[in-house]
Amino acid sequence: MIPRIHKQGSRTLGLLHYLYGKGTHEEHIDPHLVASFDGMAPDPGRDPSVTKKDLRHLLDQPLSLLDPGRRPEQHVWHCSVRAAPEDPLLSDEQWGDIARRMVAATGIDPGDGAGCRWAAVRHADDHIHIIATLIREDGRRPDHHRSGKRAQAECRLIEKELGLRQVAPGDGTAAKRSTSAERHKAERQGRERPAREELRETVRRAAAGATSEKEFFDRLAAAGVLIRQRVAPSGDPLGYKVALPDDRNGDQEPVFYAGSTLAPDLSFPRIRERFSCNAPPRNRNTPADAAPSGPATTRRRAATAAWQAVLVIDHGEDAQVAAHIAAAGEVLDALAKTSAAHTRTELREAAFAFERATRSHVKAERGHDRALRQAARDLVHSGPALGRAEDGATTAMLIDMAFFLVTAAAHWHAKNEHAQQAAASLKAAAHLRAAYRAAADTPLAVLYQRGRRVSHLLRQKQAAHLRQAVPELVERVLAEPGWYALAATLSDAEAAGHDPAALLAEAAGRRELQTADSVSDVLVWRLRRMAGLPADAGTQSPLPPSHREVATAAPLSSPPPGPGHHR
């Protein structure tokens, strides 16, 4: 159940005309009162002898008794309360009780006998509107400070009592929601999302891995948005606003949004904090801003950075963890921006969902996130990746590790009782799961076929290594279709000079595997990254003859499952 406190107004009659009218977007069916301050307010929706002016006069009577100089200009309080689509249909009596609880909880009518006058109108099955005059019967102003937060808390109680869908409680760090007018405008214009949300995504992508103000604003300009900078007398930027070129108001002027109104962490001072913690050079011969060698290389590096971040999230201090989770959002933004078409939609949705998880009341200690921010920067600068060969396979490798990363973030948020952030992380993980399947099917199928061609004796040897490294999971792994891909990977690692048993022990010991959907998938990507093996086995030399089966390999009986793990 979602309550929303609307902007205060000055025209009681104007709001009543809307509540009892036909509606500007959704149909208002049978508008009528379900509750009021005294239970006897006239209802212009059901009583033909009553007008909206009559109801306005009753609600505004305490206001009219004040001296003109004491009357507040913005005296109309407006709150809407909406049930979830899957909630059962509530009766008028139930909605009336909800209205009385909302005005009591928010301080509009606390039950002391001298509260504000109010009325609750229902004009659709799933929501009500409450209108009130912000003058109490005793002539004082009501104590409705932080009424939005108080309304949210009351709705959480109502949900439990009525068996409604329980919404995760917020903590005040969420980005501002698009207004109903913005949503309706987007629908009229055929936009996928409201302008505010499109701009939020564009700005986040521009900030992903950026190391200077110039780079940030150059990326915004390249994205095609309109930019207005607020500049100090010295010429230094102090703030910015952005607009979509075709999003215009009634005067045909662009509708600009300040960064701080898109999301708390997109204000210019907050973005500038990221620039003060640029990544140091990787080594003495490679400057930090050097162009990466290609999409596949940067994805492999990003997977390593993501894995190190998982370890920090599991064991680090909260301020460091918060920084890594924020930087993980930048990696997802960069990955969505540069990936091939068959994974881009799910990756974009994952980045969009995870945005909520990047902010909490735990202040991020910037600087610890250098590796992830450098990874995001490299992904952007390396350019778009192809959906095949090493580009496609390393994309699957990175998505696999990103899944671990956002799932670790979900656990951390849940442990710290960040309900909305934990839910957002799990939603992002679901989209990453879908993206992984699209990216991993081809490279894992190749590995599967190569594994079926490995000799029986060699597979027995690899199974012994597996039994030594993860004895508690060996039977499960051997029963998975992905075992053949793992056997091929172990053979590749041995051919490259690695000790398969030692490599397996290290890969298995870095994080638990019990909750993996496919343990073999997880180990394949870990081993290929750790051993420096090509992610795309199709580019690798065939196995030596002594490692091949004499008989013809069996056909691929089933595609490899994905993603490799589920928390």
# chains A, B, ... in the order shown; residues from 1 in each chain; ligands from 1
call {"tool": "residues_around", "arguments": {"residues": "Arg205 in chain A", "least_positions_apart": "6", "cutoff": "9 Å", "atoms": "only C-alpha atoms", "output": "NGL selection string"}}
result
:A and (219-220 or 330 or 333-334 or 336-337)
call {"tool": "select_by_dssp", "arguments": {"residues": "range 451-522 of chain A", "states": "helix (DSSP H, G or I)", "output": "NGL selection string"}}
result
:A and (451-452 or 456-469 or 474-479 or 483-495 or 500-509 or 519-522)
call {"tool": "closest_residue", "arguments": {"among": "A:Pro481, A:Thr297, A:Val406, A:Ala376", "to": "Gly532 in chain A", "atoms": "only C-alpha atoms"}}
result
A:Thr297
call {"tool": "residues_around", "arguments": {"residues": "Asp54 in chain A", "least_positions_apart": "3", "cutoff": "10 Å", "atoms": "only C-alpha atoms", "output": "list of chain:residue names"}}
result
A:Leu13, A:Ala41, A:Pro42, A:Asp43, A:Pro44, A:Ser49, A:Val50, A:Thr51, A:His57, A:Leu58, A:Leu59
call {"tool": "write_last_selection", "arguments": {"atoms": "C-alpha atoms", "output": "PDB file, in the first residue's frame"}}
result
ATOM      1  CA  LEU A  13     -12.616  23.704  -4.736  1.00  0.00           C
ATOM      2  CA  ALA A  41     -19.930  15.678   5.635  1.00  0.00           C
ATOM      3  CA  PRO A  42     -22.142  16.247   2.563  1.00  0.00           C
ATOM      4  CA  ASP A  43     -21.289  14.028  -0.390  1.00  0.00           C
ATOM      5  CA  PRO A  44     -21.737  15.647  -3.824  1.00  0.00           C
ATOM      6  CA  SER A  49     -28.858  18.203  -3.577  1.00  0.00           C
ATOM      7  CA  VAL A  50     -25.232  18.771  -2.473  1.00  0.00           C
ATOM      8  CA  THR A  51     -22.603  20.656  -4.471  1.00  0.00           C
ATOM      9  CA  HIS A  57     -17.430  25.613   2.558  1.00  0.00           C
ATOM     10  CA  LEU A  58     -17.579  23.002   5.321  1.00  0.00           C
ATOM     11  CA  LEU A  59     -13.919  22.052   5.025  1.00  0.00           C
TER      12      LEU A  59
END
call {"tool": "select_by_dssp", "arguments": {"residues": "range 197-355 of chain A", "states": "strand (DSSP E or B)", "output": "list of chain:residue names"}}
result
A:Leu226, A:Ile227, A:Arg228, A:Gln229, A:Arg230, A:Val231, A:Pro237, A:Leu238, A:Gly239, A:Tyr240, A:Lys241, A:Val242, A:Ala243, A:Arg248, A:Pro254, A:Tyr257, A:Ala258, A:Asn283, A:Thr286
call {"tool": "write_last_selection", "arguments": {"atoms": "all heavy atoms", "output": "compact mmCIF listing (two decimals), in the first residue's frame"}}
result
# COMPACT_ATOMS: atom_id res chain seq x y z
N LEU A 226 20.38 17.92 -23.14
CA LEU A 226 20.67 19.35 -22.99
C LEU A 226 21.24 19.59 -21.60
O LEU A 226 20.77 19.01 -20.62
CB LEU A 226 19.40 20.18 -23.20
CG LEU A 226 18.66 19.96 -24.53
CD1 LEU A 226 17.40 20.82 -24.57
CD2 LEU A 226 19.57 20.25 -25.71
N ILE A 227 22.23 20.45 -21.49
CA ILE A 227 22.93 20.67 -20.22
C ILE A 227 22.96 22.16 -19.91
O ILE A 227 23.26 22.99 -20.78
CB ILE A 227 24.39 20.16 -20.28
CG1 ILE A 227 24.43 18.72 -20.79
CG2 ILE A 227 25.06 20.26 -18.92
CD1 ILE A 227 25.82 18.26 -21.17
N ARG A 228 22.66 22.49 -18.68
CA ARG A 228 22.86 23.85 -18.15
C ARG A 228 23.75 23.75 -16.92
O ARG A 228 23.41 23.04 -15.98
CB ARG A 228 21.54 24.51 -17.76
CG ARG A 228 20.71 25.00 -18.93
CD ARG A 228 19.43 25.67 -18.42
NE ARG A 228 18.59 26.11 -19.52
CZ ARG A 228 17.35 26.58 -19.37
NH1 ARG A 228 16.83 26.65 -18.14
NH2 ARG A 228 16.65 26.95 -20.41
N GLN A 229 24.87 24.43 -16.96
CA GLN A 229 25.78 24.41 -15.82
C GLN A 229 25.64 25.70 -15.01
O GLN A 229 25.47 26.77 -15.57
CB GLN A 229 27.23 24.27 -16.29
CG GLN A 229 27.56 22.95 -16.92
CD GLN A 229 29.05 22.79 -17.17
OE1 GLN A 229 29.88 23.15 -16.34
NE2 GLN A 229 29.40 22.24 -18.33
N ARG A 230 25.70 25.54 -13.71
CA ARG A 230 25.78 26.71 -12.82
C ARG A 230 27.25 26.91 -12.50
O ARG A 230 27.91 26.01 -11.98
CB ARG A 230 24.96 26.47 -11.54
CG ARG A 230 24.89 27.66 -10.62
CD ARG A 230 23.74 27.48 -9.62
NE ARG A 230 23.88 26.27 -8.84
CZ ARG A 230 24.55 26.20 -7.69
NH1 ARG A 230 25.16 27.29 -7.20
NH2 ARG A 230 24.62 25.07 -7.02
N VAL A 231 27.75 28.10 -12.85
CA VAL A 231 29.19 28.34 -12.82
C VAL A 231 29.52 29.45 -11.84
O VAL A 231 28.82 30.46 -11.76
CB VAL A 231 29.70 28.70 -14.23
CG1 VAL A 231 31.21 28.92 -14.21
CG2 VAL A 231 29.35 27.60 -15.22
N PRO A 237 32.51 24.89 -12.31
CA PRO A 237 31.10 24.47 -12.23
C PRO A 237 30.67 24.24 -10.79
O PRO A 237 31.43 23.70 -9.98
CB PRO A 237 31.07 23.18 -13.04
CG PRO A 237 32.47 22.67 -13.03
CD PRO A 237 33.35 23.87 -12.96
N LEU A 238 29.45 24.67 -10.47
CA LEU A 238 28.88 24.48 -9.14
C LEU A 238 27.71 23.50 -9.14
O LEU A 238 27.37 22.93 -8.11
CB LEU A 238 28.41 25.82 -8.58
CG LEU A 238 29.47 26.90 -8.38
CD1 LEU A 238 28.80 28.21 -7.94
CD2 LEU A 238 30.49 26.46 -7.35
N GLY A 239 27.08 23.33 -10.27
CA GLY A 239 25.93 22.45 -10.38
C GLY A 239 25.53 22.30 -11.83
O GLY A 239 26.13 22.91 -12.73
N TYR A 240 24.51 21.50 -12.07
CA TYR A 240 24.09 21.28 -13.45
C TYR A 240 22.62 20.87 -13.48
O TYR A 240 22.06 20.41 -12.48
CB TYR A 240 24.94 20.18 -14.10
CG TYR A 240 24.65 18.80 -13.57
CD1 TYR A 240 23.83 17.92 -14.27
CD2 TYR A 240 25.17 18.36 -12.35
CE1 TYR A 240 23.55 16.66 -13.78
CE2 TYR A 240 24.91 17.10 -11.86
CZ TYR A 240 24.09 16.25 -12.58
OH TYR A 240 23.81 15.00 -12.09
N LYS A 241 22.02 21.08 -14.64
CA LYS A 241 20.68 20.59 -14.92
C LYS A 241 20.71 19.93 -16.29
O LYS A 241 21.52 20.29 -17.15
CB LYS A 241 19.66 21.74 -14.94
CG LYS A 241 19.43 22.42 -13.61
CD LYS A 241 18.39 23.53 -13.75
CE LYS A 241 18.12 24.21 -12.41
NZ LYS A 241 17.09 25.27 -12.54
N VAL A 242 19.83 18.96 -16.49
CA VAL A 242 19.77 18.25 -17.78
C VAL A 242 18.33 18.14 -18.22
O VAL A 242 17.39 18.17 -17.41
CB VAL A 242 20.40 16.85 -17.69
CG1 VAL A 242 21.91 16.93 -17.58
CG2 VAL A 242 19.82 16.06 -16.52
N ALA A 243 18.15 18.02 -19.53
CA ALA A 243 16.81 17.87 -20.10
C ALA A 243 16.90 17.03 -21.36
O ALA A 243 17.95 17.01 -22.04
CB ALA A 243 16.21 19.24 -20.43
N ARG A 248 9.20 18.83 -23.46
CA ARG A 248 8.94 20.27 -23.37
C ARG A 248 7.70 20.53 -22.54
O ARG A 248 6.81 19.68 -22.42
CB ARG A 248 8.75 20.86 -24.77
CG ARG A 248 9.87 20.48 -25.75
CD ARG A 248 10.59 21.67 -26.23
NE ARG A 248 11.87 21.34 -26.86
CZ ARG A 248 12.81 22.22 -27.09
NH1 ARG A 248 12.63 23.48 -26.73
NH2 ARG A 248 13.94 21.88 -27.67
N PRO A 254 12.37 23.36 -22.90
CA PRO A 254 12.83 22.09 -22.34
C PRO A 254 12.60 22.03 -20.82
O PRO A 254 12.73 23.04 -20.12
CB PRO A 254 14.33 22.08 -22.66
CG PRO A 254 14.50 23.04 -23.77
CD PRO A 254 13.45 24.11 -23.58
N TYR A 257 15.99 19.16 -15.20
CA TYR A 257 16.03 18.55 -13.87
C TYR A 257 17.44 18.72 -13.31
O TYR A 257 18.43 18.38 -13.98
CB TYR A 257 15.72 17.05 -13.93
CG TYR A 257 14.31 16.71 -14.37
CD1 TYR A 257 13.98 16.67 -15.73
CD2 TYR A 257 13.32 16.41 -13.43
CE1 TYR A 257 12.70 16.34 -16.14
CE2 TYR A 257 12.04 16.09 -13.84
CZ TYR A 257 11.73 16.06 -15.19
OH TYR A 257 10.46 15.73 -15.59
N ALA A 258 17.53 19.24 -12.10
CA ALA A 258 18.83 19.30 -11.43
C ALA A 258 19.27 17.89 -11.06
O ALA A 258 18.44 17.01 -10.79
CB ALA A 258 18.75 20.18 -10.20
N ASN A 283 50.51 0.25 -13.35
CA ASN A 283 51.93 0.03 -13.13
C ASN A 283 52.68 1.24 -13.65
O ASN A 283 52.09 2.16 -14.19
CB ASN A 283 52.41 -1.28 -13.80
CG ASN A 283 52.13 -1.27 -15.30
OD1 ASN A 283 52.56 -0.37 -16.01
ND2 ASN A 283 51.38 -2.28 -15.75
N THR A 286 52.08 2.02 -17.40
CA THR A 286 50.72 2.16 -17.93
C THR A 286 49.98 3.24 -17.18
O THR A 286 49.61 3.05 -16.03
CB THR A 286 49.93 0.82 -17.77
OG1 THR A 286 50.70 -0.22 -18.36
CG2 THR A 286 48.59 0.92 -18.45
call {"tool": "residues_around", "arguments": {"residues": "Lys185 in chain A", "least_positions_apart": "4", "cutoff": "10 Å", "atoms": "only C-alpha atoms", "output": "PyMOL selection string"}}
result
chain A and resi 25+179-181+189-191+193-195+247
call {"tool": "residues_around", "arguments": {"residues": "Ala501 in chain A", "least_positions_apart": "3", "cutoff": "10 Å", "atoms": "only C-alpha atoms", "output": "list in words"}}
result
Lys461, Gln462, Ala463, Ala464, His465, Leu466, Arg467, Gln468, Ala469, Leu490, Glu494, His498, Leu504, Ala505, Glu506 and Ala507 of chain A
call {"tool": "closest_atom_pairs", "arguments": {"of": "range 385-445 of chain A", "to": "range 522-526 of chain A", "cutoff": "12 Å", "atoms": "only C-alpha atoms", "output": "JSON lines"}}
result
{"residue": "A:Ala393", "atom": "CA", "partner": "A:Trp525", "partner_atom": "CA", "distance": 9.6}
{"residue": "A:Thr394", "atom": "CA", "partner": "A:Trp525", "partner_atom": "CA", "distance": 9.0}
{"residue": "A:Thr395", "atom": "CA", "partner": "A:Trp525", "partner_atom": "CA", "distance": 10.9}
{"residue": "A:Ala396", "atom": "CA", "partner": "A:Trp525", "partner_atom": "CA", "distance": 8.6}
{"residue": "A:Met397", "atom": "CA", "partner": "A:Trp525", "partner_atom": "CA", "distance": 5.7}
{"residue": "A:Leu398", "atom": "CA", "partner": "A:Trp525", "partner_atom": "CA", "distance": 8.9}
{"residue": "A:Ile399", "atom": "CA", "partner": "A:Trp525", "partner_atom": "CA", "distance": 10.3}
{"residue": "A:Asp400", "atom": "CA", "partner": "A:Val522", "partner_atom": "CA", "distance": 7.6}
{"residue": "A:Met401", "atom": "CA", "partner": "A:Trp525", "partner_atom": "CA", "distance": 8.5}
{"residue": "A:Phe403", "atom": "CA", "partner": "A:Val522", "partner_atom": "CA", "distance": 10.8}
{"residue": "A:Phe404", "atom": "CA", "partner": "A:Val522", "partner_atom": "CA", "distance": 9.9}
{"residue": "A:Tyr436", "atom": "CA", "partner": "A:Val522", "partner_atom": "CA", "distance": 11.8}
{"residue": "A:Ala440", "atom": "CA", "partner": "A:Trp525", "partner_atom": "CA", "distance": 10.2}
{"residue": "A:Pro443", "atom": "CA", "partner": "A:Trp525", "partner_atom": "CA", "distance": 10.7}
{"residue": "A:Leu444", "atom": "CA", "partner": "A:Val524", "partner_atom": "CA", "distance": 8.9}
call {"tool": "closest_residue", "arguments": {"among": "A:Arg301, A:His411, A:Arg200, A:Arg377", "to": "Ala175 in chain A", "atoms": "only C-alpha atoms"}}
result
A:Arg200
